[in-house]
Each structure stands twice: as structure tokens, then as C-alpha cells.
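Next up, work09.tsv (TSV, C-alpha atoms):
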chain	number	residue	atom	x	y	z
V	1	MET	CA	150.37	-71.48	91.23
V	2	THR	CA	153.76	-72.36	92.71
V	3	ASP	CA	156.83	-74.00	91.28
V	4	TYR	CA	158.97	-76.74	92.82
V	5	PHE	CA	160.51	-74.31	95.32
V	6	GLY	CA	157.21	-72.77	96.36
V	7	LYS	CA	157.67	-69.50	94.44
V	8	HIS	CA	154.52	-67.90	93.05
V	9	ILE	CA	155.01	-68.09	89.32
V	10	LEU	CA	151.92	-66.23	88.14
V	11	ASN	CA	152.14	-63.54	90.78
V	12	SER	CA	155.78	-62.82	90.01
V	13	SER	CA	155.09	-62.59	86.26
V	14	PHE	CA	152.21	-60.15	86.87
V	15	ARG	CA	154.55	-57.93	88.86
V	16	GLY	CA	156.73	-57.52	85.78
V	17	ASN	CA	159.20	-60.24	86.75
V	18	HIS	CA	158.80	-62.41	83.65
V	19	HIS	CA	162.36	-63.75	84.09
V	20	ALA	CA	161.18	-65.88	87.01
V	21	VAL	CA	158.96	-67.87	84.65
V	22	ASP	CA	161.68	-68.21	81.98
V	23	SER	CA	164.36	-69.31	84.44
V	24	ASN	CA	161.94	-71.82	85.97
V	25	ARG	CA	161.30	-73.34	82.51
V	26	SER	CA	165.02	-73.47	81.88
V	27	PHE	CA	165.57	-75.17	85.24
V	28	ARG	CA	162.85	-77.73	84.51
V	29	TRP	CA	164.30	-78.43	81.05
V	30	SER	CA	167.82	-78.98	82.38
V	31	LEU	CA	166.51	-81.13	85.23
V	32	ARG	CA	164.55	-83.29	82.75
V	33	TYR	CA	167.62	-83.56	80.53
V	34	TRP	CA	169.84	-84.85	83.33
V	35	VAL	CA	167.16	-87.19	84.73
V	36	ASN	CA	166.83	-88.77	81.27
V	37	LYS	CA	170.61	-88.88	80.91
V	38	LEU	CA	170.90	-90.69	84.24
V	39	ARG	CA	168.37	-93.28	83.12
V	40	SER	CA	170.38	-94.07	80.00
V	41	ALA	CA	173.47	-95.36	81.74
V	42	ARG	CA	175.96	-97.58	79.98
V	43	TYR	CA	176.87	-100.56	82.13
V	44	VAL	CA	180.49	-101.38	81.39
V	45	GLU	CA	181.18	-105.11	81.17
V	46	ASN	CA	184.93	-104.95	80.53
V	47	VAL	CA	187.34	-102.18	81.41
V	48	SER	CA	191.08	-101.97	81.04
V	49	ILE	CA	193.70	-99.28	81.06
V	50	ARG	CA	196.04	-99.61	78.15
V	51	ASN	CA	199.55	-98.20	78.17
V	52	LEU	CA	200.22	-96.85	74.68
V	53	ILE	CA	203.65	-96.12	73.33
V	54	ILE	CA	203.15	-93.20	70.98
V	55	ARG	CA	205.92	-92.85	68.43
V	56	GLN	CA	206.68	-89.43	66.97
V	57	ASP	CA	209.14	-88.81	64.13
V	58	GLY	CA	212.14	-86.89	65.41
V	59	GLU	CA	210.85	-86.71	69.00
V	60	ALA	CA	211.12	-88.92	72.04
V	61	ASP	CA	208.49	-91.62	72.31
V	62	TRP	CA	205.70	-91.20	74.87
V	63	LEU	CA	204.01	-93.56	77.27
V	64	ALA	CA	200.34	-92.69	77.72
V	65	ALA	CA	197.48	-94.40	79.57
V	66	VAL	CA	194.07	-94.70	77.91
V	67	LEU	CA	190.84	-96.29	79.07
V	68	GLU	CA	189.40	-99.14	77.01
V	69	ILE	CA	185.72	-99.75	77.62
V	70	ASP	CA	184.06	-103.00	76.52
V	71	ASP	CA	187.02	-103.83	74.28
V	72	SER	CA	186.33	-100.87	71.98
V	73	PRO	CA	189.49	-99.99	70.04
V	74	VAL	CA	191.34	-96.87	71.08
V	75	ASP	CA	191.84	-94.20	68.42
V	76	GLU	CA	195.62	-94.09	68.64
V	77	SER	CA	195.85	-90.96	66.47
V	78	SER	CA	193.92	-88.92	69.07
V	79	PRO	CA	193.46	-90.90	72.28
V	80	GLU	CA	191.63	-89.68	75.39
V	81	TYR	CA	194.60	-89.45	77.74
V	82	LEU	CA	194.07	-90.48	81.35
V	83	ASP	CA	195.29	-88.55	84.36
V	84	LEU	CA	196.17	-91.53	86.55
V	85	ASN	CA	196.40	-89.38	89.69
V	86	GLN	CA	192.82	-88.15	89.26
V	87	LEU	CA	191.69	-91.70	88.49
V	88	ARG	CA	193.42	-93.13	91.58
V	89	ILE	CA	191.78	-90.58	93.87
V	90	SER	CA	188.37	-91.15	92.27
V	91	LEU	CA	188.61	-94.88	92.99
V	92	HIS	CA	188.06	-94.10	96.69
V	93	SER	CA	186.32	-90.73	96.75
V	94	ALA	CA	183.13	-89.31	95.38
V	95	GLY	CA	183.10	-85.88	93.77
V	96	ARG	CA	184.16	-84.04	90.64
V	97	PHE	CA	187.29	-85.26	88.88
V	98	PHE	CA	189.07	-84.75	85.58
V	99	PRO	CA	190.29	-88.22	84.53
V	100	TRP	CA	190.41	-87.19	80.84
V	101	THR	CA	193.15	-84.77	79.93
V	102	CYS	CA	195.33	-83.49	77.12
V	103	SER	CA	198.85	-84.80	76.51
V	104	CYS	CA	200.06	-81.57	78.17
V	105	GLY	CA	198.13	-82.48	81.34
V	106	VAL	CA	195.57	-79.65	81.25
V	107	PRO	CA	191.99	-80.98	80.92
V	108	GLY	CA	190.71	-77.72	79.42
V	109	CYS	CA	193.21	-78.01	76.58
V	110	ALA	CA	191.39	-81.22	75.56
V	111	GLY	CA	188.00	-79.50	75.90
V	112	MET	CA	187.23	-81.01	79.30
V	113	PHE	CA	185.83	-78.14	81.37
V	114	LEU	CA	183.01	-79.69	83.41
V	115	GLY	CA	184.60	-82.94	84.55
V	116	VAL	CA	183.23	-86.26	85.69
V	117	TYR	CA	181.08	-86.65	88.79
V	118	VAL	CA	182.00	-89.91	90.50
V	119	SER	CA	179.84	-91.77	93.02
V	120	HIS	CA	180.21	-95.15	94.70
V	121	HIS	CA	177.41	-97.51	95.73
V	122	SER	CA	178.11	-101.09	96.84
V	123	ASN	CA	180.45	-102.48	94.17
V	124	LYS	CA	179.42	-99.93	91.53
V	125	THR	CA	181.33	-96.82	90.53
V	126	THR	CA	179.30	-94.36	88.47
V	127	TRP	CA	180.80	-91.67	86.25
V	128	LEU	CA	178.52	-88.89	85.04
V	129	ASP	CA	180.72	-87.34	82.36
V	130	LEU	CA	179.40	-83.84	81.72
V	131	ASP	CA	181.92	-83.06	78.99
V	132	LEU	CA	181.21	-86.13	76.85
V	133	ASN	CA	177.52	-86.35	77.84
V	134	ARG	CA	177.52	-89.94	79.02
V	135	LYS	CA	177.01	-91.98	82.14
V	136	LEU	CA	179.18	-95.03	82.75
V	137	VAL	CA	178.67	-97.60	85.50
V	138	PHE	CA	181.68	-99.76	86.35
V	139	SER	CA	182.28	-102.63	88.70
V	140	THR	CA	184.46	-100.96	91.35
V	141	THR	CA	186.55	-104.11	91.73
V	142	MET	CA	187.12	-104.30	87.96
V	143	LEU	CA	188.09	-100.61	87.72
V	144	ARG	CA	190.55	-100.90	90.62
V	145	SER	CA	192.03	-104.07	89.15
V	146	ALA	CA	192.46	-102.33	85.77
V	147	PHE	CA	194.27	-99.46	87.53
V	148	ASN	CA	196.61	-101.84	89.37
V	149	ASP	CA	197.39	-103.80	86.21
V	150	ALA	CA	198.13	-100.60	84.28
V	151	ILE	CA	200.51	-99.29	86.93
V	152	ILE	CA	202.42	-102.57	87.06
V	153	GLU	CA	202.55	-102.85	83.26
V	154	GLY	CA	203.61	-99.20	82.90
V	155	ALA	CA	206.41	-99.62	85.44
V	156	GLU	CA	207.62	-102.71	83.54
V	157	ILE	CA	207.56	-100.84	80.20
V	158	LEU	CA	209.52	-97.96	81.72
V	159	ALA	CA	212.08	-100.38	83.19
V	160	LEU	CA	212.67	-101.79	79.69
V	161	ASP	CA	212.85	-98.41	77.92
V	162	SER	CA	214.05	-95.56	80.12
V	163	GLN	CA	214.00	-93.14	77.15
V	164	LEU	CA	210.19	-93.01	77.10
V	165	GLU	CA	208.62	-89.75	78.20
V	166	ILE	CA	205.48	-90.10	80.29
V	167	THR	CA	202.51	-88.10	79.11
V	168	PRO	CA	200.92	-86.28	80.77
V	169	ASP	CA	203.72	-85.44	83.19
V	170	GLN	CA	201.59	-85.95	86.31
V	171	ASN	CA	201.42	-89.68	85.53
V	172	SER	CA	205.15	-89.99	86.33
V	173	SER	CA	204.52	-90.21	90.05
V	174	GLU	CA	201.90	-92.92	89.57
V	175	TYR	CA	204.24	-95.17	87.60
V	176	LYS	CA	207.05	-94.70	90.12
V	177	ILE	CA	204.98	-96.16	92.95
V	178	ASN	CA	206.23	-99.60	93.85
V	179	SER	CA	203.78	-102.08	92.33
V	180	VAL	CA	203.47	-103.94	95.67
V	181	GLU	CA	202.51	-100.67	97.40
V	182	THR	CA	199.97	-99.94	94.67
V	183	ILE	CA	198.21	-103.25	95.09
V	184	SER	CA	198.02	-102.90	98.86
V	185	LYS	CA	196.70	-99.29	98.64
V	186	ILE	CA	193.96	-100.08	96.18

This entry written out as C-alpha cells:
Amino acid sequence: MTDYFGKHILNSSFRGNHHAVDSNRSFRWSLRYWVNKLRSARYVENVSIRNLIIRQDGEADWLAAVLEIDDSPVDESSPEYLDLNQLRISLHSAGRFFPWTCSCGVPGCAGMFLGVYVSHHSNKTTWLDLDLNRKLVFSTTMLRSAFNDAIIEGAEILALDSQLEITPDQNSSEYKINSVETISKI
């Protein structure tokens, strides 16, 4: 008998290599898990990026970007911070990204170690989020529009209140982009 890769399962187990059988079962289980996970995608109808002003007693106020999916309210006491730089790059490229991050800017600090695998097909952007065990399918046009709107709104908020600190720090460069340039790039 052979497995998916053509290895002889029974022969290898008779030769004392019982790990080949166990690792093959483990591979099949994980493959089944991810195939089922891919089938249970959540198709996002509405997406927006909200710029939150987080007020702290005795500290400077922060400006943070968070993703709102299908108008679900954001938990403002512990939001999933967005790394706008990672998000911007993922709007045009497929691969592994870390759009969720901690307020300090390190994804691992927020428990995000595996990342989000992004793919693009037609006008669909798919996120397979390995850290949060979910698959999200966005309209690419809607996601890009949400990004543009957030950058413009964030730049306007910062123009009105220059005392705000941007969190995470890497989002500073995204907000400083001229809004006209942002729209033409995206």
C-alpha cells in the first residue's frame, strides 16, 4: 500500500519505521483540517477601516487603525490593531503578511505568530488567517477603497490634533502619504 506521495506505508512499518505511518496520519489530519477550513469561508459584505482615538489617563492619546467587518462593533478596550504598511502591500501582492499587530508594532506580542496568507483572484482577496483560524473573502475593490478612506481620514484627524501619537509606530509613514498619491497608487 502506498500513501499520497508513493511511499510504502506497510513496508516501512514492518522495517521498524513506525514513525512513517504516524507522520502520514498526522499529515492527512492536518490536510483535512485545512481543506475543511477553506470550505468554511466567511464572505465579507462590508469592510471598513476605522481610525480610533484611544484615550489614556495621564498619557498622550493614540490614533490606531482597526478593521471593521460586516459592521461588527470593535472592542475598543482591546482592539486588533492594524499594521497599515502590511495591509497596503497585501492589497497588491500574494503571500504571508501580518496585518494584525500589537500596539507596540510586534505581531508576536499580540499572539500573531503564523500570519495571514493572502491570495487574489479576479476581484476577490482571500485571507487565510492561521492565528485566528478563519478564512475571510473580501471584494478587492471594497478593501482598497476602505484603505484609501482610512488613510485620508487619518491624515485629516492628525491635521486637527497634532498631539496624537500613532500606534503602532509603523503606521506613521502611511498617514503621511499625500492622500492624492494614495488614491492613485491603490

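Nearest residue to Ser93 of chain V among V:Gln56, V:Asn148, V:Ser72, V:Thr140 is V:Thr140, counting all atoms listed in the file.
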
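For the choices V:Ala65, V:Ile151, V:Leu114, V:Leu52, the atom-to-atom distance to Asn133 of chain V is smallest for V:Leu114 when using all atoms listed in the file.
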
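Of note, atom CA of Gly108 of chain V and atom CA of Ser48 of chain V are spaced 24.3 Å apart.
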
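Pairwise distance (atom CA of Gly95 of chain V, atom CA of Lys176 of chain V) equals 25.8 Å.
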
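The gap separating atom CA of Trp62 of chain V from atom CA of Pro168 of chain V is 9.0 Å, in Å to one decimal.
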
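The shell of residues at most 8 Å from segment 123-128 of chain V, with only C-alpha atoms counted and near chain neighbours (fewer than 6 positions) removed, consists of Leu38, Leu91, Val116, Tyr117, Arg134, Lys135, Leu136, Val137, Phe138, Ser139, Thr140 and Thr141 of chain V.
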
Limited to C-alpha atoms, could you put the picked residues into a file as an mmCIF file, in the coordinates of the input?
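Written file, selection.cif:
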data_model
loop_
_atom_site.group_PDB
_atom_site.id
_atom_site.type_symbol
_atom_site.label_atom_id
_atom_site.label_comp_id
_atom_site.auth_asym_id
_atom_site.auth_seq_id
_atom_site.Cartn_x
_atom_site.Cartn_y
_atom_site.Cartn_z
ATOM 1 C CA LEU V 38 170.900 -90.690 84.240
ATOM 2 C CA LEU V 91 188.610 -94.880 92.990
ATOM 3 C CA VAL V 116 183.230 -86.260 85.690
ATOM 4 C CA TYR V 117 181.080 -86.650 88.790
ATOM 5 C CA ARG V 134 177.520 -89.940 79.020
ATOM 6 C CA LYS V 135 177.010 -91.980 82.140
ATOM 7 C CA LEU V 136 179.180 -95.030 82.750
ATOM 8 C CA VAL V 137 178.670 -97.600 85.500
ATOM 9 C CA PHE V 138 181.680 -99.760 86.350
ATOM 10 C CA SER V 139 182.280 -102.630 88.700
ATOM 11 C CA THR V 140 184.460 -100.960 91.350
ATOM 12 C CA THR V 141 186.550 -104.110 91.730
#

Problem set entry | Residues within 12 Å of Arg55 of chain V, only C-alpha atoms, excluding chain neighbours under 4 positions, as JSON, numbers by chain | {"V": [59, 60, 61, 62, 63, 64, 76, 77, 163, 164, 165]}

Grab the residues selected above and save them as an mmCIF file, in the frame of the given file with C-alpha atoms.
data_model
loop_
_atom_site.group_PDB
_atom_site.id
_atom_site.type_symbol
_atom_site.label_atom_id
_atom_site.label_comp_id
_atom_site.auth_asym_id
_atom_site.auth_seq_id
_atom_site.Cartn_x
_atom_site.Cartn_y
_atom_site.Cartn_z
ATOM 1 C CA GLU V 59 210.850 -86.710 69.000
ATOM 2 C CA ALA V 60 211.120 -88.920 72.040
ATOM 3 C CA ASP V 61 208.490 -91.620 72.310
ATOM 4 C CA TRP V 62 205.700 -91.200 74.870
ATOM 5 C CA LEU V 63 204.010 -93.560 77.270
ATOM 6 C CA ALA V 64 200.340 -92.690 77.720
ATOM 7 C CA GLU V 76 195.620 -94.090 68.640
ATOM 8 C CA SER V 77 195.850 -90.960 66.470
ATOM 9 C CA GLN V 163 214.000 -93.140 77.150
ATOM 10 C CA LEU V 164 210.190 -93.010 77.100
ATOM 11 C CA GLU V 165 208.620 -89.750 78.200
#

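Residue nearest Val66 of chain V within the list V:Leu160, V:Val106, V:Ile53, V:Ile89: V:Ile53 [criterion: smallest interatomic distance, all atoms listed in the file].
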
For this session: Mind checking which residues fall within 10 Å of Phe147 of chain V, counting all atoms listed in the file, ignoring those fewer than 2 positions away in the same chain, and posting them as a ChimeraX atom specification?
Result: /V:47-50,65,67,84,87-88,91,141-145,149-153,182-183,186

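Minimum atom-to-atom distances from V:Thr167, V:Gln86, V:Ser122, V:Ser40 to Gly154 of chain V were compared using only C-alpha atoms, and the lowest value belongs to V:Thr167.
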
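Considering all atoms listed in the file, the residue among V:Ala146, V:Asn46, V:Glu80, V:Ser162 positioned nearest to Cys109 of chain V is V:Glu80.
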
Problem set entry | Best match for closeness to Gln170 of chain V among V:Asn85, V:Ser103, V:Ser119, V:Ser90, counting all atoms listed in the file | V:Asn85

Mind filling out segment 80-91 of chain V with all heavy atoms and sending it as a PDB file, keeping the file's coordinate frame?
ATOM      1  N   GLU V  80     192.052 -90.429  74.204  1.00  0.00           N
ATOM      2  CA  GLU V  80     191.630 -89.680  75.390  1.00  0.00           C
ATOM      3  C   GLU V  80     192.613 -90.045  76.488  1.00  0.00           C
ATOM      4  O   GLU V  80     192.516 -91.112  77.087  1.00  0.00           O
ATOM      5  CB  GLU V  80     190.203 -90.051  75.778  1.00  0.00           C
ATOM      6  CG  GLU V  80     189.171 -89.640  74.762  1.00  0.00           C
ATOM      7  CD  GLU V  80     187.789 -90.162  75.101  1.00  0.00           C
ATOM      8  OE1 GLU V  80     187.660 -91.131  75.878  1.00  0.00           O
ATOM      9  OE2 GLU V  80     186.830 -89.596  74.577  1.00  0.00           O
ATOM     10  N   TYR V  81     193.567 -89.181  76.748  1.00  0.00           N
ATOM     11  CA  TYR V  81     194.600 -89.450  77.740  1.00  0.00           C
ATOM     12  C   TYR V  81     193.985 -89.497  79.131  1.00  0.00           C
ATOM     13  O   TYR V  81     193.069 -88.743  79.436  1.00  0.00           O
ATOM     14  CB  TYR V  81     195.689 -88.384  77.702  1.00  0.00           C
ATOM     15  CG  TYR V  81     196.463 -88.359  76.418  1.00  0.00           C
ATOM     16  CD1 TYR V  81     196.183 -87.410  75.440  1.00  0.00           C
ATOM     17  CD2 TYR V  81     197.482 -89.274  76.177  1.00  0.00           C
ATOM     18  CE1 TYR V  81     196.894 -87.372  74.253  1.00  0.00           C
ATOM     19  CE2 TYR V  81     198.201 -89.243  74.992  1.00  0.00           C
ATOM     20  CZ  TYR V  81     197.896 -88.294  74.034  1.00  0.00           C
ATOM     21  OH  TYR V  81     198.607 -88.266  72.862  1.00  0.00           O
ATOM     22  N   LEU V  82     194.518 -90.367  79.969  1.00  0.00           N
ATOM     23  CA  LEU V  82     194.070 -90.480  81.350  1.00  0.00           C
ATOM     24  C   LEU V  82     195.044 -89.785  82.284  1.00  0.00           C
ATOM     25  O   LEU V  82     196.256 -89.924  82.135  1.00  0.00           O
ATOM     26  CB  LEU V  82     193.992 -91.945  81.778  1.00  0.00           C
ATOM     27  CG  LEU V  82     192.729 -92.711  81.485  1.00  0.00           C
ATOM     28  CD1 LEU V  82     192.885 -94.157  81.921  1.00  0.00           C
ATOM     29  CD2 LEU V  82     191.533 -92.099  82.156  1.00  0.00           C
ATOM     30  N   ASP V  83     194.506 -89.079  83.245  1.00  0.00           N
ATOM     31  CA  ASP V  83     195.290 -88.550  84.360  1.00  0.00           C
ATOM     32  C   ASP V  83     195.185 -89.604  85.458  1.00  0.00           C
ATOM     33  O   ASP V  83     194.157 -89.711  86.128  1.00  0.00           O
ATOM     34  CB  ASP V  83     194.728 -87.214  84.805  1.00  0.00           C
ATOM     35  CG  ASP V  83     195.531 -86.579  85.930  1.00  0.00           C
ATOM     36  OD1 ASP V  83     196.166 -87.328  86.721  1.00  0.00           O
ATOM     37  OD2 ASP V  83     195.510 -85.341  86.041  1.00  0.00           O
ATOM     38  N   LEU V  84     196.224 -90.410  85.614  1.00  0.00           N
ATOM     39  CA  LEU V  84     196.170 -91.530  86.550  1.00  0.00           C
ATOM     40  C   LEU V  84     196.028 -91.082  87.998  1.00  0.00           C
ATOM     41  O   LEU V  84     195.456 -91.800  88.816  1.00  0.00           O
ATOM     42  CB  LEU V  84     197.412 -92.415  86.377  1.00  0.00           C
ATOM     43  CG  LEU V  84     197.490 -93.141  85.034  1.00  0.00           C
ATOM     44  CD1 LEU V  84     198.818 -93.867  84.903  1.00  0.00           C
ATOM     45  CD2 LEU V  84     196.330 -94.098  84.867  1.00  0.00           C
ATOM     46  N   ASN V  85     196.549 -89.906  88.326  1.00  0.00           N
ATOM     47  CA  ASN V  85     196.400 -89.380  89.690  1.00  0.00           C
ATOM     48  C   ASN V  85     194.935 -89.101  89.997  1.00  0.00           C
ATOM     49  O   ASN V  85     194.423 -89.493  91.043  1.00  0.00           O
ATOM     50  CB  ASN V  85     197.255 -88.130  89.879  1.00  0.00           C
ATOM     51  CG  ASN V  85     197.197 -87.622  91.287  1.00  0.00           C
ATOM     52  OD1 ASN V  85     197.283 -88.369  92.242  1.00  0.00           O
ATOM     53  ND2 ASN V  85     197.049 -86.312  91.418  1.00  0.00           N
ATOM     54  N   GLN V  86     194.243 -88.433  89.076  1.00  0.00           N
ATOM     55  CA  GLN V  86     192.820 -88.150  89.260  1.00  0.00           C
ATOM     56  C   GLN V  86     192.020 -89.454  89.334  1.00  0.00           C
ATOM     57  O   GLN V  86     191.116 -89.599  90.147  1.00  0.00           O
ATOM     58  CB  GLN V  86     192.293 -87.295  88.108  1.00  0.00           C
ATOM     59  CG  GLN V  86     192.732 -85.861  88.151  1.00  0.00           C
ATOM     60  CD  GLN V  86     191.908 -85.056  89.122  1.00  0.00           C
ATOM     61  OE1 GLN V  86     190.700 -84.933  88.974  1.00  0.00           O
ATOM     62  NE2 GLN V  86     192.552 -84.494  90.121  1.00  0.00           N
ATOM     63  N   LEU V  87     192.385 -90.414  88.490  1.00  0.00           N
ATOM     64  CA  LEU V  87     191.690 -91.700  88.490  1.00  0.00           C
ATOM     65  C   LEU V  87     191.893 -92.426  89.816  1.00  0.00           C
ATOM     66  O   LEU V  87     190.945 -92.947  90.392  1.00  0.00           O
ATOM     67  CB  LEU V  87     192.177 -92.569  87.327  1.00  0.00           C
ATOM     68  CG  LEU V  87     191.551 -93.955  87.230  1.00  0.00           C
ATOM     69  CD1 LEU V  87     190.034 -93.866  87.082  1.00  0.00           C
ATOM     70  CD2 LEU V  87     192.152 -94.738  86.082  1.00  0.00           C
ATOM     71  N   ARG V  88     193.131 -92.440  90.315  1.00  0.00           N
ATOM     72  CA  ARG V  88     193.420 -93.130  91.580  1.00  0.00           C
ATOM     73  C   ARG V  88     192.599 -92.537  92.723  1.00  0.00           C
ATOM     74  O   ARG V  88     191.981 -93.262  93.507  1.00  0.00           O
ATOM     75  CB  ARG V  88     194.913 -93.062  91.926  1.00  0.00           C
ATOM     76  CG  ARG V  88     195.252 -93.737  93.252  1.00  0.00           C
ATOM     77  CD  ARG V  88     196.736 -93.667  93.587  1.00  0.00           C
ATOM     78  NE  ARG V  88     197.330 -92.350  93.431  1.00  0.00           N
ATOM     79  CZ  ARG V  88     197.232 -91.363  94.328  1.00  0.00           C
ATOM     80  NH1 ARG V  88     196.545 -91.525  95.437  1.00  0.00           N
ATOM     81  NH2 ARG V  88     197.829 -90.202  94.112  1.00  0.00           N
ATOM     82  N   ILE V  89     192.541 -91.235  92.803  1.00  0.00           N
ATOM     83  CA  ILE V  89     191.780 -90.580  93.870  1.00  0.00           C
ATOM     84  C   ILE V  89     190.286 -90.890  93.730  1.00  0.00           C
ATOM     85  O   ILE V  89     189.596 -91.157  94.713  1.00  0.00           O
ATOM     86  CB  ILE V  89     192.039 -89.065  93.879  1.00  0.00           C
ATOM     87  CG1 ILE V  89     193.515 -88.781  94.211  1.00  0.00           C
ATOM     88  CG2 ILE V  89     191.132 -88.357  94.876  1.00  0.00           C
ATOM     89  CD1 ILE V  89     193.936 -87.355  93.952  1.00  0.00           C
ATOM     90  N   SER V  90     189.795 -90.896  92.486  1.00  0.00           N
ATOM     91  CA  SER V  90     188.370 -91.150  92.270  1.00  0.00           C
ATOM     92  C   SER V  90     187.970 -92.591  92.557  1.00  0.00           C
ATOM     93  O   SER V  90     186.789 -92.879  92.707  1.00  0.00           O
ATOM     94  CB  SER V  90     187.972 -90.790  90.831  1.00  0.00           C
ATOM     95  OG  SER V  90     188.421 -91.764  89.918  1.00  0.00           O
ATOM     96  N   LEU V  91     188.935 -93.492  92.661  1.00  0.00           N
ATOM     97  CA  LEU V  91     188.610 -94.880  92.990  1.00  0.00           C
ATOM     98  C   LEU V  91     188.117 -95.024  94.427  1.00  0.00           C
ATOM     99  O   LEU V  91     187.461 -96.000  94.765  1.00  0.00           O
ATOM    100  CB  LEU V  91     189.836 -95.778  92.785  1.00  0.00           C
ATOM    101  CG  LEU V  91     190.270 -95.990  91.341  1.00  0.00           C
ATOM    102  CD1 LEU V  91     191.577 -96.767  91.298  1.00  0.00           C
ATOM    103  CD2 LEU V  91     189.195 -96.680  90.537  1.00  0.00           C
TER     104      LEU V  91
END
